[in-house]
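*Asks:* Handing you this structure, nothing more for now.
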Amino acid sequence: MTLSIQPTSVLSLDEFLKLPETKPASEYFDGEIYQKPMPQGKHSRLQTCLSTSINQVGESQKSVLALTELRCTFAGKSIVPDIAVFEWQRIPLDEKGRIANKFEIAPDWVIEILSPEQSANKVIRKIIFCIQNGTKLGYFLDPDDESITVFQPNQLPEVKDKQDILPVLDVLQNWQLKVEDVFNWLSFV
């Protein structure tokens, strides 16, 4: 269940960012604080396998990096996508040339996995917000019907299933992924 923590007074984004982190993470969206649901088996497996698969290709080519449960704060909101993917040249670095702790930019690709009892519309709103603020690609995975809705700028969302090949970032042009490949990670028979 997605919890909405009702503040006694309206919190600003800066005030929210000063609060202690919660487990699972809380997000600041439209002036409200929402705590993400605790990942369960299917969600966790899809998140782990998809981020690993993206990184196996992306890191070896130095083209993209997929990070799980990373706080991204931009355009007045602070979200924690299930998977945030950044093109290599956009990865925020610190003064030593190492990955930064704070990411204050939109991911290039955002991936959300619907959890039981989670509001699909809240998750979709988050993906649309990202697309409206510079994200090039969004996936919304629904483990129950084994479909992936794809979001891209200036296009209607497309629901992909089974044999459909999913679009990926242009920098991963030689990599292909089918919807069934993603959901086959759930099978152990």
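Just remember, in the structure tokens the first chain shown is A, the second B, etc., residues are 1-based per chain, and ligands are 1-based in the order shown.
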Report as a PyMOL selection string all protein, DNA and RNA residues lying within 12 Å of region 165-180 of chain A, evaluated on only C-alpha atoms, omitting residues in the same chain fewer than 6 positions from it.
*Replies:* chain A and resi 46+50+53-66+85-89+107-111+135-143+145-152+158-159+186-187
*Asks:* May I have the residues within 7 Å of region 73-83 of chain A as a PDB file with N, CA and C atoms, in the first residue's frame, using only C-alpha atoms and disregarding those fewer than 5 positions away in the same chain?
*Replies:*
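Result written to out30.pdb:
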ATOM      1  N   LEU A  13      10.107  21.589  -0.644  1.00  0.00           N
ATOM      2  CA  LEU A  13      11.038  20.560  -1.105  1.00  0.00           C
ATOM      3  C   LEU A  13      12.302  20.570  -0.245  1.00  0.00           C
ATOM      4  N   GLU A  27       8.867   9.863  -1.287  1.00  0.00           N
ATOM      5  CA  GLU A  27       9.026  10.771  -2.411  1.00  0.00           C
ATOM      6  C   GLU A  27       8.227  12.040  -2.142  1.00  0.00           C
ATOM      7  N   TYR A  28       8.679  13.135  -2.718  1.00  0.00           N
ATOM      8  CA  TYR A  28       8.007  14.422  -2.605  1.00  0.00           C
ATOM      9  C   TYR A  28       7.464  14.762  -3.976  1.00  0.00           C
ATOM     10  N   PHE A  29       6.130  14.775  -4.079  1.00  0.00           N
ATOM     11  CA  PHE A  29       5.497  14.956  -5.383  1.00  0.00           C
ATOM     12  C   PHE A  29       4.237  15.785  -5.196  1.00  0.00           C
ATOM     13  N   GLN A  47      13.369  -5.799 -10.942  1.00  0.00           N
ATOM     14  CA  GLN A  47      14.242  -4.650 -10.745  1.00  0.00           C
ATOM     15  C   GLN A  47      15.715  -5.067 -10.814  1.00  0.00           C
ATOM     16  N   SER A  51      17.977  -4.079 -14.214  1.00  0.00           N
ATOM     17  CA  SER A  51      19.108  -3.160 -14.012  1.00  0.00           C
ATOM     18  C   SER A  51      20.435  -3.854 -14.313  1.00  0.00           C
ATOM     19  N   ALA A  66      22.601   2.088 -15.046  1.00  0.00           N
ATOM     20  CA  ALA A  66      21.306   1.901 -14.393  1.00  0.00           C
ATOM     21  C   ALA A  66      21.521   1.830 -12.885  1.00  0.00           C
ATOM     22  N   LEU A  67      20.757   2.623 -12.152  1.00  0.00           N
ATOM     23  CA  LEU A  67      20.854   2.659 -10.694  1.00  0.00           C
ATOM     24  C   LEU A  67      19.473   2.398 -10.104  1.00  0.00           C
ATOM     25  N   THR A  68      19.420   1.574  -9.063  1.00  0.00           N
ATOM     26  CA  THR A  68      18.142   1.261  -8.436  1.00  0.00           C
ATOM     27  C   THR A  68      17.912   2.138  -7.215  1.00  0.00           C
ATOM     28  N   PHE A 103      21.758  13.466  -7.198  1.00  0.00           N
ATOM     29  CA  PHE A 103      21.379  13.554  -8.605  1.00  0.00           C
ATOM     30  C   PHE A 103      20.253  14.570  -8.699  1.00  0.00           C
ATOM     31  N   GLU A 104      20.570  15.706  -9.289  1.00  0.00           N
ATOM     32  CA  GLU A 104      19.595  16.792  -9.397  1.00  0.00           C
ATOM     33  C   GLU A 104      19.216  17.024 -10.848  1.00  0.00           C
ATOM     34  N   ILE A 105      19.114  15.932 -11.589  1.00  0.00           N
ATOM     35  CA  ILE A 105      18.702  15.947 -12.989  1.00  0.00           C
ATOM     36  C   ILE A 105      17.736  14.788 -13.219  1.00  0.00           C
ATOM     37  N   ALA A 106      16.951  14.915 -14.281  1.00  0.00           N
ATOM     38  CA  ALA A 106      16.041  13.828 -14.647  1.00  0.00           C
ATOM     39  C   ALA A 106      16.837  12.680 -15.251  1.00  0.00           C
ATOM     40  N   VAL A 110      13.553   6.140 -17.271  1.00  0.00           N
ATOM     41  CA  VAL A 110      12.999   5.819 -15.956  1.00  0.00           C
ATOM     42  C   VAL A 110      12.160   4.550 -16.088  1.00  0.00           C
ATOM     43  N   ILE A 111      12.337   3.646 -15.132  1.00  0.00           N
ATOM     44  CA  ILE A 111      11.624   2.373 -15.147  1.00  0.00           C
ATOM     45  C   ILE A 111      10.923   2.200 -13.804  1.00  0.00           C
ATOM     46  N   GLU A 112       9.621   1.968 -13.876  1.00  0.00           N
ATOM     47  CA  GLU A 112       8.815   1.741 -12.681  1.00  0.00           C
ATOM     48  C   GLU A 112       8.118   0.396 -12.802  1.00  0.00           C
ATOM     49  N   ILE A 113       8.054  -0.323 -11.695  1.00  0.00           N
ATOM     50  CA  ILE A 113       7.443  -1.640 -11.638  1.00  0.00           C
ATOM     51  C   ILE A 113       6.271  -1.559 -10.658  1.00  0.00           C
TER      52      ILE A 113
END
*Asks:* Determine which residues of region 50-173 of chain A receive a DSSP assignment of strand (DSSP E), computed from the backbone, and state them as a ChimeraX atom specification.
*Replies:* /A:64-68,72-74,77-79,83-87,109-113,137-142,147-151,158-161
*Asks:* May I ask for the distance between CA of Asn184 (chain A) and CA of Arg45 (chain A), given in Å to one decimal place?
*Replies:*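 Going from CA of Asn184 (chain A) over to CA of Arg45 (chain A) covers 10.6 Å.
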*Asks:* Enumerate as a count of residues only all residues of region 22-147 of chain A assigned to helix (DSSP H, G or I) by DSSP on the backbone, naming them with the chain letters and numbers the document uses.
*Replies:* 37
*Asks:* CA of Asp181 (chain A) to CA of Thr52 (chain A): how many Å, to one decimal?
*Replies:*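 One can read the CA of Asp181 (chain A) to CA of Thr52 (chain A) distance as 13.4 Å.
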